[in-house]
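**Student:** Just one file: work_32.cif, with mmCIF, C-alpha atoms.
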data_target
loop_
_atom_site.label_atom_id
_atom_site.label_comp_id
_atom_site.auth_asym_id
_atom_site.auth_seq_id
_atom_site.Cartn_x
_atom_site.Cartn_y
_atom_site.Cartn_z
CA MET A 1 114.64 105.78 82.17
CA ARG A 2 114.82 106.65 85.83
CA ARG A 3 116.50 104.17 88.07
CA TYR A 4 115.36 103.62 91.58
CA PRO A 5 117.56 102.48 94.43
CA SER A 6 114.87 100.27 95.78
CA ALA A 7 113.03 97.52 93.97
CA VAL A 8 109.67 98.78 95.12
CA LYS A 9 109.66 102.50 94.74
CA MET A 10 108.75 104.57 97.73
CA THR A 11 106.99 107.86 98.11
CA GLU A 12 109.15 110.92 98.78
CA GLU A 13 108.07 111.02 102.40
CA ALA A 14 108.80 107.36 102.80
CA SER A 15 112.20 107.82 101.21
CA GLN A 16 113.03 110.35 103.89
CA LEU A 17 111.98 107.85 106.52
CA ALA A 18 114.18 105.29 104.86
CA GLU A 19 117.18 107.46 105.55
CA ILE A 20 116.32 107.33 109.21
CA ASP A 21 115.53 103.65 109.54
CA SER A 22 116.39 100.92 107.08
CA ASP A 23 113.84 98.22 106.50
CA GLN A 24 115.98 95.92 108.57
CA ASP A 25 115.95 98.38 111.46
CA VAL A 26 112.19 98.58 111.31
CA ILE A 27 111.85 94.82 111.10
CA SER A 28 114.04 94.47 114.18
CA ARG A 29 111.85 96.92 116.05
CA VAL A 30 108.69 95.10 115.04
CA SER A 31 110.20 91.77 116.00
CA ALA A 32 111.11 93.24 119.37
CA GLY A 33 107.46 94.04 119.96
CA ASP A 34 107.13 97.53 118.50
CA ARG A 35 104.06 96.72 116.50
CA ASP A 36 103.44 100.34 115.50
CA ALA A 37 106.74 100.41 113.62
CA PHE A 38 105.13 98.17 111.03
CA ALA A 39 103.10 101.18 109.88
CA MET A 40 106.36 102.59 108.58
CA LEU A 41 106.76 99.66 106.22
CA ILE A 42 103.18 100.00 105.10
CA GLY A 43 103.76 103.69 104.39
CA ARG A 44 106.88 102.97 102.41
CA TYR A 45 105.53 100.33 100.10
CA SER A 46 101.76 100.46 99.96
CA ASP A 47 101.47 102.89 97.03
CA PRO A 48 103.47 100.98 94.41
CA LEU A 49 102.09 97.67 95.62
CA TYR A 50 98.54 98.99 95.49
CA ARG A 51 99.08 100.17 91.92
CA HIS A 52 100.40 96.74 91.05
CA ALA A 53 97.44 94.95 92.59
CA LEU A 54 95.00 97.38 91.01
CA GLY A 55 96.59 96.97 87.62
CA MET A 56 96.54 93.21 87.88
CA THR A 57 93.03 92.77 89.23
CA GLY A 58 91.27 95.83 87.84
CA SER A 59 89.30 96.16 91.06
CA PRO A 60 90.06 98.64 93.86
CA ASP A 61 88.30 96.45 96.42
CA VAL A 62 90.24 93.36 95.43
CA ALA A 63 93.48 95.34 95.35
CA GLU A 64 92.83 96.54 98.89
CA ASP A 65 92.08 93.01 100.05
CA ILE A 66 95.23 91.63 98.47
CA LEU A 67 97.31 94.39 99.99
CA GLN A 68 95.85 93.88 103.43
CA THR A 69 96.29 90.13 103.30
CA SER A 70 99.83 90.50 102.02
CA PHE A 71 100.90 92.93 104.72
CA ILE A 72 99.39 90.72 107.40
CA LYS A 73 101.19 87.72 105.95
CA ALA A 74 104.42 89.70 105.87
CA TYR A 75 103.92 90.75 109.49
CA GLN A 76 103.38 87.19 110.58
CA HIS A 77 106.47 85.97 108.75
CA LEU A 78 108.83 88.87 109.29
CA ASN A 79 111.43 86.59 110.82
CA GLU A 80 111.58 84.68 107.54
CA VAL A 81 112.78 87.64 105.49
CA ARG A 82 116.02 86.79 103.79
CA GLY A 83 117.52 89.48 101.64
CA ARG A 84 115.56 92.54 100.63
CA PHE A 85 112.26 93.10 102.37
CA ASP A 86 110.79 95.12 99.51
CA ALA A 87 111.41 92.38 96.96
CA TRP A 88 110.07 89.75 99.35
CA LEU A 89 106.95 91.81 99.99
CA PHE A 90 106.46 92.39 96.28
CA ARG A 91 106.46 88.66 95.65
CA ILE A 92 103.77 88.15 98.28
CA VAL A 93 101.56 90.74 96.61
CA ALA A 94 102.33 89.51 93.09
CA ASN A 95 101.48 85.95 94.09
CA GLY A 96 98.31 87.19 95.76
CA CYS A 97 97.28 88.78 92.48
CA LYS A 98 98.07 85.64 90.50
CA ASP A 99 96.12 83.50 92.95
CA TRP A 100 93.16 85.81 92.65
CA LEU A 101 93.28 85.66 88.86
CA LYS A 102 93.55 81.88 89.00
CA ASN A 103 90.59 81.63 91.34
CA ILE A 104 88.41 83.96 89.36
CA ARG A 105 88.94 81.79 86.31
CA ARG A 106 88.42 78.61 88.28
CA SER A 107 85.14 79.86 89.66
CA HIS A 108 83.98 80.47 86.10
CA LEU A 109 83.44 84.14 86.60
CA SER A 110 83.15 85.84 83.31
CA TYR A 111 86.17 87.74 82.27
CA ASP A 112 84.61 89.21 79.20
CA GLU A 113 84.85 92.85 78.54
CA ASP A 114 81.22 93.51 79.41
CA ASP A 115 81.76 92.26 82.94
CA GLN A 116 85.28 93.43 83.54
CA PRO A 117 85.21 96.13 86.15
CA SER A 118 87.05 99.28 85.44
CA GLY A 119 89.38 99.41 88.38
CA TYR A 120 90.26 103.01 87.92
CA SER A 121 86.80 104.40 88.03
CA SER A 122 84.97 105.77 90.99
CA PRO A 123 81.42 107.11 91.02
CA ASP A 124 82.77 110.61 90.60
CA GLU A 125 84.95 109.61 87.74
CA ASP A 126 82.24 107.77 85.88
CA LEU A 127 80.95 110.90 84.26
CA ASP A 128 84.22 112.09 82.81
CA ARG A 129 85.90 108.75 82.30
CA THR A 130 87.32 108.60 78.88
CA GLU A 131 86.58 105.84 76.50
CA LEU A 132 90.23 105.02 76.23
CA ARG A 133 90.44 104.48 79.97
CA THR A 134 87.68 101.92 79.82
CA ASP A 135 88.97 100.33 76.68
CA LEU A 136 92.46 100.06 78.11
CA ASP A 137 91.09 98.29 81.19
CA THR A 138 89.19 95.94 78.96
CA ALA A 139 92.20 95.24 76.79
CA LEU A 140 94.46 94.70 79.82
CA ALA A 141 91.98 92.22 81.23
CA LYS A 142 92.33 90.18 78.07
CA LEU A 143 96.06 89.77 78.45
CA ALA A 144 97.52 86.69 80.04
CA PRO A 145 98.57 87.44 83.64
CA SER A 146 102.28 87.32 82.86
CA LEU A 147 101.91 89.81 80.00
CA ARG A 148 99.67 92.07 82.03
CA GLU A 149 102.11 91.93 84.93
CA ALA A 150 105.01 92.88 82.69
CA PHE A 151 103.08 95.73 81.06
CA ILE A 152 101.84 97.11 84.38
CA MET A 153 105.30 96.99 85.91
CA LYS A 154 106.85 98.69 82.92
CA HIS A 155 104.26 101.28 81.97
CA VAL A 156 102.17 101.92 85.08
CA GLU A 157 104.78 101.40 87.76
CA GLY A 158 107.55 102.82 85.58
CA ARG A 159 110.15 100.22 86.48
CA SER A 160 113.27 99.46 84.52
CA TYR A 161 113.69 96.03 82.99
CA GLU A 162 116.49 95.39 85.47
CA GLU A 163 114.22 96.08 88.42
CA MET A 164 111.53 93.88 86.94
CA ALA A 165 113.98 91.06 86.39
CA ASP A 166 115.17 91.40 89.95
CA LEU A 167 111.66 91.28 91.37
CA LEU A 168 110.34 88.52 89.16
CA GLY A 169 113.46 86.41 89.17
CA THR A 170 113.75 86.21 85.44
CA THR A 171 115.88 87.70 82.71
CA VAL A 172 115.74 91.13 81.14
CA GLY A 173 115.40 89.51 77.73
CA ALA A 174 112.38 87.48 78.77
CA LEU A 175 110.72 90.53 80.26
CA LYS A 176 111.38 92.64 77.21
CA MET A 177 109.69 90.01 75.16
CA ARG A 178 106.69 89.94 77.49
CA VAL A 179 106.35 93.70 77.44
CA HIS A 180 106.69 93.78 73.68
CA ARG A 181 104.07 91.13 73.26
CA ALA A 182 101.76 92.89 75.69
CA ARG A 183 102.13 96.09 73.70
CA GLU A 184 101.50 94.29 70.44
CA ALA A 185 98.39 92.69 71.86
CA LEU A 186 97.08 95.96 73.31
CA GLN A 187 97.82 97.69 70.05
CA ALA A 188 95.92 95.03 68.16
CA LEU A 189 92.96 95.42 70.50
CA LEU A 190 92.90 99.21 70.48
CA GLU A 191 94.19 100.36 67.13
CA GLU A 192 91.03 99.76 65.20
CA LYS A 193 89.24 102.27 67.34
CA TYR A 194 92.02 104.68 68.18
CA ALA A 195 94.76 104.51 65.57
CA MET B 1 90.76 85.38 75.46
CA MET B 2 94.24 84.68 76.69
CA LEU B 3 97.14 85.72 74.62
CA ASP B 4 99.96 83.83 76.11
CA ARG B 5 100.99 81.94 79.14
CA HIS B 6 104.38 82.49 80.63
CA GLU B 7 104.82 80.74 83.89
CA ALA B 8 107.69 82.02 85.90
CA GLN B 9 109.78 80.44 88.58
CA ASP B 10 111.74 82.06 91.26
CA GLY B 11 114.01 80.33 93.64
CA ARG B 12 113.94 82.97 96.33
CA ASN B 13 112.11 82.63 99.58
CA ASP B 14 108.46 83.33 99.53
CA ILE B 15 105.34 82.80 101.53
CA GLY B 16 103.36 79.82 100.45
CA HIS B 17 104.78 79.40 97.04
CA GLU B 18 107.38 80.62 94.65
CA ASN B 19 106.90 82.87 91.70
CA ARG B 20 105.58 80.84 88.93
CA ASP B 21 107.10 82.44 85.89
CA VAL B 22 109.52 80.55 83.82
CA ALA B 23 111.38 82.94 81.71
CA SER B 24 111.61 81.92 78.19
CA ASP B 25 114.40 83.63 76.43
CA ARG B 26 113.33 82.56 73.03
CA SER B 27 113.65 85.40 70.67
CA HIS B 28 110.69 87.01 69.08
CA ALA B 29 111.47 85.38 65.79
CA ASP B 30 111.57 81.91 67.33
CA ARG B 31 108.02 82.07 68.56
CA PRO B 32 105.47 81.04 65.97
CA LEU B 33 102.68 83.43 65.29
CA ALA B 34 100.28 80.56 65.89
CA ASP B 35 101.07 80.96 69.61
CA ARG B 36 99.26 84.24 69.59
CA GLU B 37 95.53 84.33 69.85
CA VAL B 38 95.43 87.97 68.92
CA PRO B 39 96.77 88.67 65.47
CA LEU B 40 99.68 91.00 65.62
CA PRO B 41 99.52 93.38 62.76
CA GLY B 42 102.85 94.54 61.56
CA LEU B 43 104.64 91.39 62.59
CA GLY B 44 104.89 90.05 59.12
CA GLY B 45 108.38 89.85 57.73
CA GLU B 46 108.04 93.00 55.67
CA SER B 47 107.21 95.24 58.63
CA VAL B 48 109.27 93.84 61.46
CA GLY B 49 111.42 96.96 61.29
CA GLU B 50 108.43 99.19 61.98
CA VAL B 51 107.44 97.27 65.08
CA THR B 52 110.98 97.26 66.30
CA VAL B 53 111.32 101.01 66.01
CA LEU B 54 108.04 101.52 67.84
CA GLN B 55 109.09 99.11 70.59
CA GLN B 56 112.48 100.75 70.78
CA TRP B 57 110.86 104.11 71.18
CA LEU B 58 108.58 102.79 73.91
CA ASP B 59 111.64 101.33 75.62
CA GLY B 60 113.38 104.68 75.41
CA ASP B 61 115.92 103.43 72.90
CA ALA B 62 114.70 105.46 69.91
CA THR B 63 113.29 108.92 69.43
CA GLU B 64 109.68 109.74 68.72
CA VAL B 65 110.76 111.19 65.40
CA ASP B 66 112.18 107.81 64.41
CA ALA B 67 109.02 106.08 65.51
CA ARG B 68 106.84 108.57 63.63
CA ARG B 69 108.74 107.84 60.47
CA SER B 70 107.50 104.29 60.78
CA ASP B 71 103.92 104.79 61.89
CA THR B 72 102.43 108.08 62.99
CA LYS B 73 99.09 106.58 63.98
CA GLN B 74 100.65 104.03 66.30
CA VAL B 75 102.77 106.70 67.90
CA ASP B 76 99.67 108.79 68.54
CA LEU B 77 97.91 105.77 70.01
CA TRP B 78 100.81 105.07 72.35
CA ASN B 79 101.01 108.69 73.39
CA ARG B 80 97.38 108.46 74.47
CA ILE B 81 97.99 105.19 76.27
CA SER B 82 101.05 106.67 77.97
CA ALA B 83 99.01 109.62 79.21
CA GLU B 84 96.62 107.18 80.84
CA THR B 85 99.35 105.00 82.33
CA ASP B 86 101.07 108.12 83.68
CA ARG B 87 97.85 109.07 85.40
CA ARG B 88 97.64 105.62 86.96
CA ARG B 89 101.23 105.87 88.11
CA ARG B 90 100.25 108.77 90.35
CA MET B 91 97.50 106.84 92.09
CA ALA B 92 97.94 106.37 95.81
CA THR B 93 96.69 103.84 98.30
CA PRO B 94 93.29 104.79 99.76
CA ALA B 95 93.88 106.78 102.94
CA HIS B 96 92.05 104.38 105.21
CA LEU B 97 93.98 101.30 104.14
CA SER B 98 97.05 101.74 106.32
CA ALA B 99 94.98 102.08 109.49
CA GLN B 100 92.81 99.18 108.37
CA ILE B 101 95.85 96.94 107.93
CA MET B 102 97.30 97.98 111.29
CA ALA B 103 93.99 97.24 112.98
CA ALA B 104 93.86 93.82 111.35
CA LEU B 105 97.36 92.77 112.41
CA PRO B 106 97.29 89.76 114.68
CA ALA B 107 98.58 90.23 118.18
CA LEU B 108 102.01 88.75 117.78
CA GLU B 109 103.21 90.11 121.11
CA THR B 110 100.35 88.46 122.92
CA ARG B 111 101.05 85.23 121.17
CA ALA B 112 104.71 85.52 121.99
CA THR B 113 103.92 86.22 125.63
CA THR B 114 101.59 83.29 125.76
CA ALA B 115 104.23 81.06 124.30
CA THR B 116 106.76 82.38 126.77
CA GLU B 117 104.36 81.88 129.59
CA THR B 118 103.61 78.39 128.43
CA SER B 119 107.28 77.69 128.20
CA ALA B 120 107.89 79.22 131.61
CA ALA B 121 105.03 77.22 133.04
CA THR B 122 106.45 74.05 131.59
CA GLN B 123 109.82 74.87 133.03
CA ALA B 124 108.21 75.76 136.35
CA GLU B 125 106.84 72.25 136.80
CA PRO B 126 110.17 70.65 137.66
CA ALA B 127 110.93 73.59 139.87
CA ARG B 128 107.72 73.08 141.69
CA SER B 129 108.56 69.40 141.95
CA ALA B 130 111.94 70.38 143.17
CA GLY B 131 110.21 72.61 145.73
CA LEU B 132 108.46 69.56 147.16
CA ALA B 133 111.61 67.49 147.21
CA PRO B 134 113.04 68.99 150.43
CA TRP B 135 109.98 67.87 152.36
CA MET B 136 110.31 64.45 150.93
CA MET B 137 114.03 64.49 151.60
CA ILE B 138 113.41 65.49 155.22
CA ALA B 139 110.89 62.70 155.57
CA VAL B 140 113.21 60.18 153.97
CA GLY B 141 116.08 61.49 156.04
CA ALA B 142 114.00 61.16 159.21
CA ALA B 143 113.01 57.66 158.21
CA PHE B 144 116.62 56.68 157.62
CA PHE B 145 117.59 58.32 160.90
CA ALA B 146 114.91 56.35 162.74
CA LEU B 147 115.93 53.20 160.93
CA GLY B 148 119.54 53.82 161.87
CA ILE B 149 118.61 54.20 165.53
CA ILE B 150 116.60 51.00 165.44
CA VAL B 151 119.36 49.09 163.70
CA GLY B 152 121.92 50.54 166.10
CA LYS B 153 119.89 49.44 169.11
CA MET B 154 119.56 45.97 167.68
CA PHE B 155 123.34 45.51 167.56
CA MET B 156 124.14 47.15 170.86
#
Rewrite the coordinates I just gave you, this time as structure tokens.
**Tutor:**
Amino acid sequence: MRRYPSAVKMTEEASQLAEIDSDQDVISRVSAGDRDAFAMLIGRYSDPLYRHALGMTGSPDVAEDILQTSFIKAYQHLNEVRGRFDAWLFRIVANGCKDWLKNIRRSHLSYDEDDQPSGYSSPDEDLDRTELRTDLDTALAKLAPSLREAFIMKHVEGRSYEEMADLLGTTVGALKMRVHRAREALQALLEEKYA
Amino acid sequence: MMLDRHEAQDGRNDIGHENRDVASDRSHADRPLADREVPLPGLGGESVGEVTVLQQWLDGDATEVDARRSDTKQVDLWNRISAETDRRRRMATPAHLSAQIMAALPALETRATTATETSAATQAEPARSAGLAPWMMIAVGAAFFALGIIVGKMFM
């Protein structure tokens, strides 16, 4: 398993930028009035956070909204960052996703498989989208948020259990159990058709 | 259909609220199957080993050969799922999003300036008052001077 120096993995380009300016340097610049420097933080962390939001919500539009709201919130509260910015930012996004899931249930929107949007499809992809892709989306939507979160972080974002524990503030053992249970549940939902 | 509900908690700083997961470290065996809404095939006592090997393989702790010895079909299923999750791992943020976020950022500098100006204006009030004080002091001084002359004349 690859290990990443940062809790929220960055793109290669962003990693090069990181060597130039640490997050703290960038935050200092933004706080001093260099608003454009904030784009550097967006560039560093938007990809993994977008994948997280997309995996959790299953909707590209919702994922974009959550990301935008989260970055704005982060910008407004930059002076409150204590410790690692990437972990702090991740928690804003993760909580945004959980709030969205809570609200969608509260507003009685159907979460059945027939209505669950396939977040990874675009009009162009519709034609060649595999059945498994759709079925995986459907199965993921049936998982409890905490199990889905653990599965997405492990399998889609490719994080180690240690990174996950660090970001979620829980233990490796608890996360292993969540991932295992998510796998078992997905397996149960998909094996009849695919295994 | 919900399968489980882990609520997590996190003591670190956060905007609005904390993480809401409470990690439960109960072992797999401790948790009754009745907790699960989806039946978990292979979790019966006789096949726990199979599930474990599969999970170990998925965690990178066992080889595919070991996992295949337990259940070839499940390994094939997970290879297909992994291909899909790998594809998703390469997904990037839509190109327009960064610019969209930057455009939506509130004008903190403006707000800061306004606050500074407000503060400066508040602080300027006493200064302005102090600016008027010399005139008043001159007037008072003149009045005292005149009073002194009058009093002096009265005693002379």
**Student:** So how many Å separate atom CA of A:Arg183 and atom CA of A:Val62, to one decimal?
**Tutor:**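 Atom CA of A:Arg183 sits 24.9 Å away from atom CA of A:Val62.
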**Student:** List the residues selected by the PyMOL selection byres ((chain A) within 7 of (chain B)) in the file shown, writing them as a PDB file with C-alpha atoms, in the coordinates of the input.
**Tutor:**
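File produced: part_37.pdb:
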ATOM      1  CA  MET A   1     114.640 105.780  82.170  1.00  0.00           C
ATOM      2  CA  GLY A  33     107.460  94.040 119.960  1.00  0.00           C
ATOM      3  CA  ALA A  39     103.100 101.180 109.880  1.00  0.00           C
ATOM      4  CA  ILE A  42     103.180 100.000 105.100  1.00  0.00           C
ATOM      5  CA  SER A  46     101.760 100.460  99.960  1.00  0.00           C
ATOM      6  CA  ASP A  47     101.470 102.890  97.030  1.00  0.00           C
ATOM      7  CA  TYR A  50      98.540  98.990  95.490  1.00  0.00           C
ATOM      8  CA  ARG A  51      99.080 100.170  91.920  1.00  0.00           C
ATOM      9  CA  GLN A  68      95.850  93.880 103.430  1.00  0.00           C
ATOM     10  CA  ILE A  72      99.390  90.720 107.400  1.00  0.00           C
ATOM     11  CA  TRP A  88     110.070  89.750  99.350  1.00  0.00           C
ATOM     12  CA  ARG A  91     106.460  88.660  95.650  1.00  0.00           C
ATOM     13  CA  ILE A  92     103.770  88.150  98.280  1.00  0.00           C
ATOM     14  CA  ASN A  95     101.480  85.950  94.090  1.00  0.00           C
ATOM     15  CA  ARG A 133      90.440 104.480  79.970  1.00  0.00           C
ATOM     16  CA  LYS A 142      92.330  90.180  78.070  1.00  0.00           C
ATOM     17  CA  LEU A 143      96.060  89.770  78.450  1.00  0.00           C
ATOM     18  CA  ALA A 144      97.520  86.690  80.040  1.00  0.00           C
ATOM     19  CA  SER A 146     102.280  87.320  82.860  1.00  0.00           C
ATOM     20  CA  HIS A 155     104.260 101.280  81.970  1.00  0.00           C
ATOM     21  CA  VAL A 156     102.170 101.920  85.080  1.00  0.00           C
ATOM     22  CA  GLU A 157     104.780 101.400  87.760  1.00  0.00           C
ATOM     23  CA  LEU A 168     110.340  88.520  89.160  1.00  0.00           C
ATOM     24  CA  GLY A 169     113.460  86.410  89.170  1.00  0.00           C
ATOM     25  CA  THR A 170     113.750  86.210  85.440  1.00  0.00           C
ATOM     26  CA  THR A 171     115.880  87.700  82.710  1.00  0.00           C
ATOM     27  CA  GLY A 173     115.400  89.510  77.730  1.00  0.00           C
ATOM     28  CA  ALA A 174     112.380  87.480  78.770  1.00  0.00           C
ATOM     29  CA  MET A 177     109.690  90.010  75.160  1.00  0.00           C
ATOM     30  CA  HIS A 180     106.690  93.780  73.680  1.00  0.00           C
ATOM     31  CA  GLU A 184     101.500  94.290  70.440  1.00  0.00           C
ATOM     32  CA  ALA A 185      98.390  92.690  71.860  1.00  0.00           C
ATOM     33  CA  ALA A 188      95.920  95.030  68.160  1.00  0.00           C
ATOM     34  CA  TYR A 194      92.020 104.680  68.180  1.00  0.00           C
ATOM     35  CA  ALA A 195      94.760 104.510  65.570  1.00  0.00           C
TER      36      ALA A 195
END
**Student:** As an exercise, work out the distance from atom CA of A:Phe38 to atom CA of A:Tyr75 in Å and give it to one decimal place.
**Tutor:**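 Going from atom CA of A:Phe38 over to atom CA of A:Tyr75 covers 7.7 Å.
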**Student:** So the first atom is atom CA of A:Leu78 and the second is atom CA of A:Ser28; what is the distance between them in Å, to one decimal place?
**Tutor:**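 Value for the atom CA of A:Leu78-atom CA of A:Ser28 distance: 9.1 Å.
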**Student:** Hey, which of A:Ile27, A:Val179, A:Leu67, A:Val93 ends up closest to A:Glu80? Count only C-alpha atoms.
**Tutor:** A:Ile27
**Student:** Which neighbours of A:Val26 fall inside 9 Å, counting all atoms listed in the file, when residues of the same chain fewer than 5 positions from it are skipped, and could you give them as a PyMOL selection string?
**Tutor:** chain A and resi 21+31+34+37-38+40-41
**Student:** Could you write out as lines of an AutoDock Vina configuration file the box around stretch 143-158 of chain A (axis-aligned, all atoms listed in the file, 4 Å on each side), with centre and edge lengths in Å to one decimal?
**Tutor:**
center_x = 101.8
center_y = 94.8
center_z = 83.1
size_x = 19.5
size_y = 24.1
size_z = 17.3
